[in-house]
>>> print(open('entry_27.txt').read())   # compact mmCIF, C-alpha atoms and all ligand atoms
# COMPACT_ATOMS: atom_id res chain seq x y z
CA MET A 1 122.74 121.38 94.06
CA THR A 2 122.50 118.81 96.86
CA GLY A 3 124.04 120.08 100.08
CA MET A 4 122.90 123.62 99.38
CA GLN A 5 119.89 125.23 100.98
CA PRO A 6 116.70 124.05 99.29
CA VAL A 7 114.55 125.84 96.76
CA LEU A 8 110.94 126.18 97.91
CA VAL A 9 108.23 125.59 95.29
CA THR A 10 104.69 126.73 96.11
CA GLY A 11 101.93 125.20 94.02
CA ALA A 12 104.13 122.13 93.49
CA THR A 13 101.13 119.80 93.30
CA GLY A 14 99.66 121.69 90.33
CA PHE A 15 100.05 121.14 86.61
CA ILE A 16 103.19 123.25 86.08
CA GLY A 17 104.51 122.64 89.60
CA THR A 18 104.61 118.88 89.13
CA HIS A 19 106.70 119.22 85.97
CA LEU A 20 108.98 121.87 87.48
CA VAL A 21 109.66 119.84 90.64
CA ARG A 22 110.45 116.80 88.50
CA GLU A 23 112.89 118.86 86.40
CA LEU A 24 114.61 120.25 89.53
CA ASP A 25 114.71 116.80 91.15
CA GLU A 26 116.22 115.18 88.04
CA ARG A 27 118.94 117.84 88.04
CA GLY A 28 119.83 117.11 91.66
CA TRP A 29 118.31 120.19 93.29
CA ASP A 30 117.24 119.97 96.92
CA VAL A 31 113.52 120.75 96.64
CA ARG A 32 111.11 121.67 99.41
CA ALA A 33 107.52 121.97 98.22
CA THR A 34 104.27 123.18 99.71
CA ARG A 35 101.15 121.06 99.87
CA ARG A 36 97.83 121.48 101.65
CA PRO A 37 96.10 118.79 103.68
CA THR A 38 93.84 118.13 100.69
CA SER A 39 96.58 118.09 98.02
CA ASP A 40 97.24 115.08 95.82
CA THR A 41 101.02 114.55 95.85
CA SER A 42 101.01 111.15 94.12
CA ALA A 43 102.43 112.46 90.82
CA LEU A 44 105.70 113.26 92.63
CA SER A 45 105.88 110.20 94.88
CA ASP A 46 108.98 108.90 93.06
CA THR A 47 111.00 112.11 93.65
CA ASP A 48 113.09 113.23 96.62
CA VAL A 49 110.95 116.34 97.21
CA LYS A 50 110.45 117.26 100.87
CA TRP A 51 106.88 118.28 101.56
CA VAL A 52 105.87 121.04 103.92
CA THR A 53 102.24 121.86 104.69
CA ALA A 54 101.41 125.50 103.94
CA ASP A 55 98.53 127.60 102.68
CA VAL A 56 99.60 130.83 100.99
CA LEU A 57 96.74 132.59 102.78
CA ASP A 58 98.15 131.58 106.15
CA ALA A 59 101.22 133.80 106.66
CA ALA A 60 102.62 131.75 109.54
CA THR A 61 102.71 128.52 107.52
CA VAL A 62 104.31 130.37 104.60
CA ARG A 63 107.03 131.79 106.89
CA ASP A 64 107.80 128.30 108.20
CA ALA A 65 107.94 126.91 104.67
CA VAL A 66 110.32 129.63 103.43
CA SER A 67 112.61 129.48 106.46
CA GLY A 68 116.06 128.14 105.57
CA CYS A 69 115.46 128.18 101.79
CA ARG A 70 117.88 129.71 99.33
CA SER A 71 115.22 130.67 96.81
CA VAL A 72 111.47 130.48 96.24
CA VAL A 73 109.47 129.65 93.13
CA HIS A 74 105.97 130.96 93.68
CA LEU A 75 103.49 129.09 91.48
CA ALA A 76 100.52 128.72 93.86
CA GLY A 77 97.62 130.53 92.27
CA ILE A 78 94.16 129.85 90.96
CA GLY A 79 92.12 130.75 87.89
CA LEU A 80 88.38 131.21 87.44
CA ALA A 81 87.89 127.50 86.82
CA SER A 82 89.00 126.84 90.40
CA GLY A 83 87.09 129.43 92.37
CA PRO A 84 84.85 132.53 92.40
CA PRO A 85 86.39 135.92 91.56
CA GLU A 86 86.88 136.92 95.24
CA ARG A 87 88.84 133.73 95.89
CA VAL A 88 90.88 134.25 92.71
CA ARG A 89 91.86 137.72 93.97
CA GLU A 90 92.59 136.49 97.47
CA VAL A 91 94.86 133.59 96.51
CA ASN A 92 96.70 135.41 93.74
CA VAL A 93 97.16 138.76 95.50
CA ALA A 94 97.13 138.16 99.29
CA GLY A 95 98.86 134.81 98.76
CA THR A 96 101.64 136.43 96.73
CA ARG A 97 102.01 139.19 99.33
CA ASN A 98 102.50 136.55 102.06
CA VAL A 99 105.11 134.72 100.00
CA LEU A 100 107.03 137.92 99.15
CA ALA A 101 106.95 139.12 102.77
CA ALA A 102 108.20 135.77 104.07
CA ALA A 103 110.93 135.60 101.42
CA ASP A 104 112.03 139.15 102.22
CA ASP A 105 112.13 138.52 105.98
CA ALA A 106 114.05 135.27 105.48
CA GLY A 107 116.59 137.00 103.19
CA VAL A 108 116.27 134.51 100.32
CA ALA A 109 118.57 135.03 97.35
CA ARG A 110 115.81 135.07 94.74
CA VAL A 111 112.05 134.73 94.21
CA LEU A 112 110.69 133.55 90.88
CA PHE A 113 107.07 134.58 90.42
CA ALA A 114 104.70 133.02 87.87
CA SER A 115 102.36 135.62 86.44
CA THR A 116 100.58 135.15 83.12
CA ALA A 117 101.19 136.36 79.57
CA GLY A 118 97.62 137.67 79.82
CA THR A 119 98.84 140.88 81.47
CA ARG A 120 100.48 141.71 78.11
CA ARG A 121 98.56 142.12 74.86
CA SER A 122 98.96 143.82 71.49
CA GLU A 123 97.31 143.97 68.08
CA GLY A 124 100.14 141.85 66.69
CA VAL A 125 102.63 139.68 68.54
CA ALA A 126 102.98 140.91 72.14
CA ASP A 127 106.16 141.12 74.17
CA GLU A 128 106.99 142.02 77.78
CA THR A 129 106.58 145.75 77.12
CA ASP A 130 102.96 145.45 75.90
CA LEU A 131 101.21 146.01 79.22
CA ALA A 132 97.47 146.02 78.59
CA PRO A 133 94.41 146.76 80.73
CA PRO A 134 93.51 143.49 82.46
CA ILE A 135 90.33 141.67 81.39
CA GLY A 136 88.53 139.71 84.11
CA PRO A 137 89.36 138.99 87.76
CA TYR A 138 92.22 136.58 87.01
CA GLN A 139 94.23 139.05 84.93
CA GLU A 140 93.41 141.84 87.39
CA ALA A 141 94.69 139.73 90.27
CA LYS A 142 97.87 138.74 88.43
CA LEU A 143 98.58 142.37 87.52
CA SER A 144 98.08 143.42 91.16
CA ALA A 145 100.48 140.67 92.20
CA GLU A 146 103.00 141.99 89.65
CA GLY A 147 102.62 145.39 91.35
CA LEU A 148 103.52 143.80 94.70
CA VAL A 149 106.52 142.12 93.10
CA GLN A 150 107.66 145.51 91.80
CA GLU A 151 107.29 147.07 95.29
CA TYR A 152 109.38 144.34 96.90
CA TYR A 153 111.96 144.58 94.11
CA ASP A 154 112.18 148.36 94.61
CA ASP A 155 112.82 147.66 98.29
CA GLY A 156 115.72 145.35 97.49
CA LEU A 157 114.27 141.85 97.06
CA ASP A 158 115.64 139.92 94.04
CA VAL A 159 112.51 138.91 92.11
CA VAL A 160 112.13 137.65 88.54
CA THR A 161 108.72 137.28 86.90
CA VAL A 162 107.86 134.74 84.22
CA HIS A 163 104.77 134.92 82.03
CA PRO A 164 103.77 131.52 80.63
CA THR A 165 101.36 131.63 77.70
CA SER A 166 98.79 128.81 77.17
CA VAL A 167 100.40 125.74 78.66
CA PHE A 168 99.78 122.32 77.13
CA GLY A 169 100.73 118.91 78.50
CA PRO A 170 100.05 115.90 80.71
CA GLY A 171 98.22 116.63 83.96
CA ASP A 172 96.13 119.57 82.72
CA THR A 173 92.45 118.71 82.72
CA GLU A 174 91.45 122.24 81.69
CA PHE A 175 93.06 123.63 78.54
CA THR A 176 94.83 120.45 77.38
CA GLY A 177 91.96 118.17 78.40
CA ARG A 178 89.45 120.31 76.47
CA LEU A 179 91.58 120.36 73.31
CA LEU A 180 92.13 116.61 73.38
CA ARG A 181 88.44 115.96 74.06
CA THR A 182 87.54 118.11 71.06
CA VAL A 183 89.63 116.05 68.65
CA THR A 184 88.75 112.63 70.07
CA ASP A 185 85.03 112.96 70.80
CA PRO A 186 83.03 112.79 67.55
CA LYS A 187 80.16 114.67 69.21
CA LEU A 188 82.36 117.73 69.71
CA PHE A 189 82.84 119.18 66.29
CA ALA A 190 83.22 122.91 66.86
CA SER A 191 86.30 125.00 67.50
CA LEU A 192 86.62 128.59 68.65
CA PRO A 193 87.86 131.39 66.46
CA GLY A 194 90.96 133.17 67.73
CA GLY A 195 94.24 131.64 68.75
CA VAL A 196 96.96 131.54 71.37
CA SER A 197 100.61 130.77 71.95
CA PHE A 198 100.72 127.03 72.69
CA VAL A 199 103.63 126.06 74.91
CA GLY A 200 104.52 122.61 76.20
CA VAL A 201 104.66 122.29 79.98
CA THR A 202 108.13 120.73 79.89
CA ASP A 203 109.41 123.76 77.95
CA VAL A 204 107.83 126.07 80.54
CA ALA A 205 109.45 124.12 83.39
CA ARG A 206 112.87 124.42 81.74
CA GLY A 207 112.24 128.13 81.07
CA MET A 208 111.41 128.68 84.72
CA LEU A 209 114.59 126.95 85.79
CA ALA A 210 116.59 129.13 83.38
CA ALA A 211 114.92 132.26 84.75
CA LEU A 212 115.67 131.16 88.30
CA GLU A 213 119.34 130.63 87.43
CA ARG A 214 120.00 133.34 84.87
CA GLY A 215 117.19 135.90 84.88
CA ASP A 216 118.05 139.51 85.59
CA PRO A 217 116.64 140.83 88.88
CA GLY A 218 113.37 142.72 88.43
CA GLU A 219 112.93 141.49 84.85
CA HIS A 220 109.93 139.88 83.15
CA TYR A 221 110.17 137.00 80.69
CA ILE A 222 107.41 135.65 78.48
CA LEU A 223 107.66 131.84 78.24
CA GLY A 224 105.69 131.15 75.09
CA GLY A 225 105.50 128.64 72.31
CA GLN A 226 103.96 128.25 68.89
CA ASN A 227 101.44 130.92 67.87
CA LEU A 228 98.49 129.13 66.26
CA THR A 229 94.81 129.77 65.66
CA PHE A 230 92.55 127.27 67.41
CA PRO A 231 91.42 125.63 64.13
CA ALA A 232 95.08 125.23 63.04
CA ALA A 233 96.08 123.83 66.44
CA LEU A 234 93.16 121.37 66.49
CA ASP A 235 94.03 120.23 62.97
CA ARG A 236 97.62 119.52 64.02
CA ILE A 237 96.61 117.75 67.22
CA ALA A 238 94.02 115.69 65.31
CA GLU A 239 96.58 114.67 62.68
CA THR A 240 99.03 113.64 65.42
CA VAL A 241 96.51 111.51 67.34
CA ASP A 242 94.66 110.40 64.22
CA GLY A 243 91.47 111.93 65.53
CA SER A 244 88.92 113.91 63.60
CA SER A 245 89.41 117.58 62.95
CA PRO A 246 86.65 119.94 64.09
CA LEU A 247 84.25 120.57 61.24
CA LEU A 248 82.81 123.84 62.37
CA GLU A 249 84.23 127.05 63.70
CA VAL A 250 81.92 128.85 66.14
CA PRO A 251 81.57 132.34 64.69
CA ALA A 252 83.00 135.09 66.91
CA PRO A 253 79.64 136.94 67.21
CA VAL A 254 78.10 133.85 68.84
CA VAL A 255 80.78 133.83 71.51
CA HIS A 256 80.37 137.60 71.97
CA THR A 257 76.62 137.12 72.47
CA LEU A 258 77.26 134.47 75.14
CA GLY A 259 79.44 137.01 76.94
CA HIS A 260 76.66 139.60 76.87
CA VAL A 261 74.09 137.09 78.12
CA ALA A 262 76.32 136.07 81.03
CA GLU A 263 77.01 139.72 81.85
CA ALA A 264 73.32 140.66 81.76
CA SER A 265 72.36 137.73 83.98
CA ASP A 266 74.94 138.91 86.48
CA GLU A 267 73.90 142.52 86.43
CA TYR A 268 70.13 142.38 86.18
CA LEU A 269 69.13 138.98 87.51
CA GLY A 270 71.82 138.54 90.11
CA VAL A 271 72.42 135.08 88.68
CA ARG A 272 76.02 134.06 88.14
CA PHE A 273 76.22 131.26 85.61
CA PHE A 274 79.95 131.55 85.10
CA PRO A 275 82.41 134.43 85.13
CA PHE A 276 82.24 135.21 81.42
CA THR A 277 81.87 138.87 80.49
CA ALA A 278 81.55 140.53 77.09
CA ASP A 279 85.21 141.61 77.36
CA MET A 280 86.27 138.05 78.13
CA ALA A 281 84.24 136.81 75.16
CA ARG A 282 86.04 139.28 72.90
CA LEU A 283 89.34 138.07 74.33
CA ALA A 284 88.41 134.44 73.62
CA THR A 285 87.95 135.22 69.94
CA THR A 286 91.14 137.23 69.49
CA GLU A 287 94.51 136.02 68.29
CA LEU A 288 96.64 136.31 71.44
CA PHE A 289 100.11 135.78 70.05
CA TYR A 290 103.37 136.26 71.95
CA SER A 291 107.09 136.57 71.37
CA SER A 292 109.55 134.72 73.61
CA GLU A 293 112.51 136.49 72.01
CA LYS A 294 113.69 138.11 75.25
CA ALA A 295 113.75 134.78 77.12
CA ALA A 296 115.50 133.17 74.13
CA CYS A 297 118.25 135.84 74.03
CA GLU A 298 118.77 136.32 77.76
CA LEU A 299 117.98 132.87 79.21
CA GLY A 300 118.68 130.53 76.29
CA TYR A 301 114.98 129.57 76.36
CA ASP A 302 113.57 127.56 73.51
CA TYR A 303 110.38 125.65 72.85
CA ARG A 304 109.26 122.77 70.67
CA PRO A 305 106.27 122.88 68.35
CA LEU A 306 102.85 121.87 69.66
CA THR A 307 102.84 118.53 67.85
CA ASP A 308 105.98 117.42 69.76
CA HIS A 309 103.99 117.67 72.98
CA VAL A 310 100.88 115.85 71.77
CA PRO A 311 101.99 112.19 72.28
CA ALA A 312 102.80 112.59 76.00
CA ALA A 313 99.64 114.61 76.58
CA MET A 314 97.54 112.07 74.71
CA ALA A 315 99.04 109.12 76.64
CA TRP A 316 98.16 110.88 79.91
CA TYR A 317 94.67 111.76 78.61
CA ARG A 318 93.90 108.18 77.61
CA ASP A 319 95.27 106.90 80.93
CA THR A 320 93.08 109.18 82.99
CA ASN A 321 89.95 108.78 80.84
CA ASP A 322 89.93 105.01 80.31
N1 LIG A 401 98.49 126.60 83.22
C1 LIG A 401 98.65 127.69 82.49
O1 LIG A 401 98.33 127.70 81.27
C2 LIG A 401 99.22 128.94 83.09
C3 LIG A 401 99.52 130.02 82.23
C4 LIG A 401 100.06 131.18 82.77
C5 LIG A 401 100.31 131.27 84.13
N2 LIG A 401 100.00 130.23 84.95
C6 LIG A 401 100.26 130.39 86.39
O2 LIG A 401 101.19 129.39 86.79
C7 LIG A 401 100.90 128.96 88.12
C8 LIG A 401 100.71 127.45 88.13
O3 LIG A 401 99.63 127.14 87.25
P1 LIG A 401 99.05 125.66 87.13
O4 LIG A 401 98.38 125.57 85.81
O5 LIG A 401 100.08 124.68 87.50
O6 LIG A 401 97.91 125.70 88.25
P2 LIG A 401 97.13 124.50 88.94
O7 LIG A 401 97.36 123.22 88.24
O8 LIG A 401 95.73 124.97 89.13
O9 LIG A 401 97.83 124.39 90.36
C9 LIG A 401 97.64 125.36 91.33
C10 LIG A 401 98.54 125.07 92.51
O10 LIG A 401 98.34 126.09 93.49
C11 LIG A 401 98.08 125.47 94.73
N3 LIG A 401 97.24 126.32 95.54
C12 LIG A 401 96.02 126.82 95.25
N4 LIG A 401 95.55 127.54 96.27
C13 LIG A 401 96.50 127.49 97.26
C14 LIG A 401 96.60 128.01 98.55
N5 LIG A 401 95.64 128.77 99.09
N6 LIG A 401 97.71 127.77 99.28
C15 LIG A 401 98.70 126.99 98.75
N7 LIG A 401 98.66 126.45 97.54
C16 LIG A 401 97.57 126.71 96.79
C17 LIG A 401 97.41 124.16 94.38
O11 LIG A 401 97.52 123.29 95.48
P3 LIG A 401 96.48 122.08 95.76
O12 LIG A 401 97.05 120.89 95.07
O13 LIG A 401 96.47 121.97 97.23
O14 LIG A 401 95.15 122.52 95.19
C18 LIG A 401 98.23 123.73 93.18
O15 LIG A 401 99.45 123.15 93.61
C19 LIG A 401 99.67 129.73 88.57
O16 LIG A 401 100.07 130.85 89.32
C20 LIG A 401 99.02 130.18 87.26
O17 LIG A 401 98.30 131.37 87.41
C21 LIG A 401 99.47 129.05 84.46
>>> encode(input="entry_27.txt", output="structure tokens")
Amino acid sequence: MTGMQPVLVTGATGFIGTHLVRELDERGWDVRATRRPTSDTSALSDTDVKWVTADVLDAATVRDAVSGCRSVVHLAGIGLASGPPERVREVNVAGTRNVLAAADDAGVARVLFASTAGTRRSEGVADETDLAPPIGPYQEAKLSAEGLVQEYYDDGLDVVTVHPTSVFGPGDTEFTGRLLRTVTDPKLFASLPGGVSFVGVTDVARGMLAALERGDPGEHYILGGQNLTFPAALDRIAETVDGSSPLLEVPAPVVHTLGHVAEASDEYLGVRFFPFTADMARLATTELFYSSEKAACELGYDYRPLTDHVPAAMAWYRDTND
């Protein structure tokens, strides 16, 4: 791919972005990537990535970043762990609008947009067709961004949307860090009810590359992994790292009560402890399982089981926590 116009990756300094840029770099792609003045780019210092400073909320910097690129992978986005709900909306919706507008104006060949599997849900195993009412500001923002993507696609822009499920791997202090802490810290002995689709970050990066190269314009692809309950996942992780398995499962009603308490404090006391509503509490105790069948058939996507991803994640975790 060297010698061709570059691919622009927004959010390249993040968890998934770092792995995707590495994958593209190893395959010889010419990669331009956005960073902010405060970004830590050290994880990619041994790659040939060309950095450009841009904030997705600053349309002029986004236009400059996109200019001359063949395609754009738009990963920049934040969840509720990184900012208050208004900021989550702003970055995920206004930021995506700026990226789509710049890509459209520049006439890029394709935009790949990273939404979340959370905009789909079903009683059983959900697929791309199972659109569900969003729960919480993050899902609302991602669904709004998907609406923008649809508008630009209807107006002629080639856009493909991927929906990663719960991504596990080195570099993720949130989800992965919490799981690894649970199995290695003897003081943490409780696991949540419910479950998710655990997908390794390297599988997601390869799935994104496949969607960029082979996805059908306007289509959505779930990039998922192994569907496991939290107790089952923690057991497997613990066996792999020789840690201790959680002894207790927090009963779902306890989590639901926490959601109600947080909601009441918001509504009646005007105190925001954390953005955790009763609906989000219900979601946290549900089995959120997904099918990646469409990506498998149309993109050749495949994923490895959770335990295959544990050693690399654990090595990173020990490195950063020693
Ligand atoms: N991780 C998951 O399990 C998961 C699952 C489904 C979907 N996704 C989606 O996949 C994407 C990447 O997720 P991630 O886990 O890699 O996120 P992450 O680690 O939190 O990284 C977020 C990235 O976005 C950048 N960013 C944030 N605000 C920005 C702004 N205003 N302008 C420019 N860049 C900005 C960050 O740059 P700085 O380094 O400057 O902060 C960082 O590179 C997100 O859109 C997320 O919603 C993630």
>>> residues_around(input="entry_27.txt", residues="Gly200 of chain A", least_positions_apart="6", cutoff="6 Å", atoms="only C-alpha atoms", output="ChimeraX atom specification")
/A:167-169,309
>>> closest_atom_pairs(input="entry_27.txt", of="segment 97-197 of chain A", to="segment 67-71 of chain A", cutoff="12 Å", atoms="only C-alpha atoms", output="tab-separated table")
residue	atom	partner	partner_atom	distance
A:Val99	CA	A:Ser67	CA	11.2
A:Leu100	CA	A:Ser71	CA	11.2
A:Ala101	CA	A:Ser67	CA	11.8
A:Ala102	CA	A:Ser67	CA	8.0
A:Ala103	CA	A:Ser71	CA	8.0
A:Asp104	CA	A:Ser71	CA	10.6
A:Asp105	CA	A:Ser67	CA	9.1
A:Ala106	CA	A:Ser67	CA	6.0
A:Gly107	CA	A:Arg70	CA	8.3
A:Val108	CA	A:Arg70	CA	5.2
A:Ala109	CA	A:Ser71	CA	5.5
A:Arg110	CA	A:Ser71	CA	4.9
A:Val111	CA	A:Ser71	CA	5.8
A:Leu112	CA	A:Ser71	CA	8.0
A:Phe113	CA	A:Ser71	CA	11.1
A:Leu157	CA	A:Ser71	CA	11.2
A:Asp158	CA	A:Ser71	CA	9.7
A:Val159	CA	A:Ser71	CA	9.9
A:Val160	CA	A:Ser71	CA	11.3
>>> closest_atom_pairs(input="entry_27.txt", of="segment 106-213 of chain A", to="segment 86-97 of chain A", cutoff="10 Å", atoms="only C-alpha atoms", output="JSON lines")
{"residue": "A:Phe113", "atom": "CA", "partner": "A:Thr96", "partner_atom": "CA", "distance": 8.5}
{"residue": "A:Ala114", "atom": "CA", "partner": "A:Thr96", "partner_atom": "CA", "distance": 10.0}
{"residue": "A:Ser115", "atom": "CA", "partner": "A:Asn92", "partner_atom": "CA", "distance": 9.2}
{"residue": "A:Pro137", "atom": "CA", "partner": "A:Arg89", "partner_atom": "CA", "distance": 6.8}
{"residue": "A:Tyr138", "atom": "CA", "partner": "A:Val88", "partner_atom": "CA", "distance": 6.3}
{"residue": "A:Gln139", "atom": "CA", "partner": "A:Arg89", "partner_atom": "CA", "distance": 9.4}
{"residue": "A:Glu140", "atom": "CA", "partner": "A:Arg89", "partner_atom": "CA", "distance": 7.9}
{"residue": "A:Ala141", "atom": "CA", "partner": "A:Arg89", "partner_atom": "CA", "distance": 5.1}
{"residue": "A:Lys142", "atom": "CA", "partner": "A:Asn92", "partner_atom": "CA", "distance": 6.4}
{"residue": "A:Leu143", "atom": "CA", "partner": "A:Val93", "partner_atom": "CA", "distance": 8.9}
{"residue": "A:Ser144", "atom": "CA", "partner": "A:Val93", "partner_atom": "CA", "distance": 6.4}
{"residue": "A:Ala145", "atom": "CA", "partner": "A:Val93", "partner_atom": "CA", "distance": 5.1}
{"residue": "A:Glu146", "atom": "CA", "partner": "A:Val93", "partner_atom": "CA", "distance": 8.9}
{"residue": "A:Gly147", "atom": "CA", "partner": "A:Val93", "partner_atom": "CA", "distance": 9.5}
{"residue": "A:Leu148", "atom": "CA", "partner": "A:Arg97", "partner_atom": "CA", "distance": 6.7}
{"residue": "A:Val149", "atom": "CA", "partner": "A:Arg97", "partner_atom": "CA", "distance": 8.2}
{"residue": "A:Tyr152", "atom": "CA", "partner": "A:Arg97", "partner_atom": "CA", "distance": 9.3}
>>> write_last_selection(input="entry_27.txt", atoms="C-alpha atoms", output="compact mmCIF listing (two decimals), in the frame of the given file")
# COMPACT_ATOMS: atom_id res chain seq x y z
CA PHE A 113 107.07 134.58 90.42
CA ALA A 114 104.70 133.02 87.87
CA SER A 115 102.36 135.62 86.44
CA PRO A 137 89.36 138.99 87.76
CA TYR A 138 92.22 136.58 87.01
CA GLN A 139 94.23 139.05 84.93
CA GLU A 140 93.41 141.84 87.39
CA ALA A 141 94.69 139.73 90.27
CA LYS A 142 97.87 138.74 88.43
CA LEU A 143 98.58 142.37 87.52
CA SER A 144 98.08 143.42 91.16
CA ALA A 145 100.48 140.67 92.20
CA GLU A 146 103.00 141.99 89.65
CA GLY A 147 102.62 145.39 91.35
CA LEU A 148 103.52 143.80 94.70
CA VAL A 149 106.52 142.12 93.10
CA TYR A 152 109.38 144.34 96.90
>>> residues_near_ligand(input="entry_27.txt", ligand="ligand LIG 401 (chain A)", cutoff="7 Å", atoms="all atoms listed in the file", output="count of residues only")
36
>>> residues_around(input="entry_27.txt", residues="segment 213-224 of chain A", least_positions_apart="3", cutoff="7 Å", atoms="only C-alpha atoms", output="NGL selection string")
:A and (117 or 128 or 153 or 158-165 or 197-199 or 204 or 207 or 209-210 or 290-292 or 294-295 or 299)
>>> atom_distance(input="entry_27.txt", atom1="atom CA of Trp51 of chain A", atom2="atom CA of Ala33 of chain A")
5.0 Å
>>> decode(input="entry_27.txt", residues="segment 13-35 of chain A", atoms="C-alpha atoms", output="PDB file, in the first residue's frame")
ATOM      1  CA  THR A  13      -3.668   6.766  20.277  1.00  0.00           C
ATOM      2  CA  GLY A  14      -6.512   4.831  21.940  1.00  0.00           C
ATOM      3  CA  PHE A  15      -6.801   1.174  22.872  1.00  0.00           C
ATOM      4  CA  ILE A  16      -8.194  -0.117  19.562  1.00  0.00           C
ATOM      5  CA  GLY A  17      -6.462   2.572  17.482  1.00  0.00           C
ATOM      6  CA  THR A  18      -3.009   1.541  18.654  1.00  0.00           C
ATOM      7  CA  HIS A  19      -3.616  -2.073  17.619  1.00  0.00           C
ATOM      8  CA  LEU A  20      -5.225  -1.091  14.300  1.00  0.00           C
ATOM      9  CA  VAL A  21      -2.393   1.273  13.346  1.00  0.00           C
ATOM     10  CA  ARG A  22       0.144  -1.436  14.176  1.00  0.00           C
ATOM     11  CA  GLU A  23      -1.746  -3.936  11.991  1.00  0.00           C
ATOM     12  CA  LEU A  24      -1.900  -1.453   9.075  1.00  0.00           C
ATOM     13  CA  ASP A  25       1.764  -0.516   9.522  1.00  0.00           C
ATOM     14  CA  GLU A  26       2.885  -4.161   9.572  1.00  0.00           C
ATOM     15  CA  ARG A  27       1.006  -4.734   6.317  1.00  0.00           C
ATOM     16  CA  GLY A  28       2.776  -1.817   4.642  1.00  0.00           C
ATOM     17  CA  TRP A  29      -0.079   0.688   4.603  1.00  0.00           C
ATOM     18  CA  ASP A  30       0.758   4.381   4.542  1.00  0.00           C
ATOM     19  CA  VAL A  31      -0.900   5.565   7.767  1.00  0.00           C
ATOM     20  CA  ARG A  32      -1.657   9.117   8.841  1.00  0.00           C
ATOM     21  CA  ALA A  33      -3.054   9.351  12.357  1.00  0.00           C
ATOM     22  CA  THR A  34      -4.579  12.064  14.495  1.00  0.00           C
ATOM     23  CA  ARG A  35      -3.260  12.999  17.899  1.00  0.00           C
TER      24      ARG A  35
END
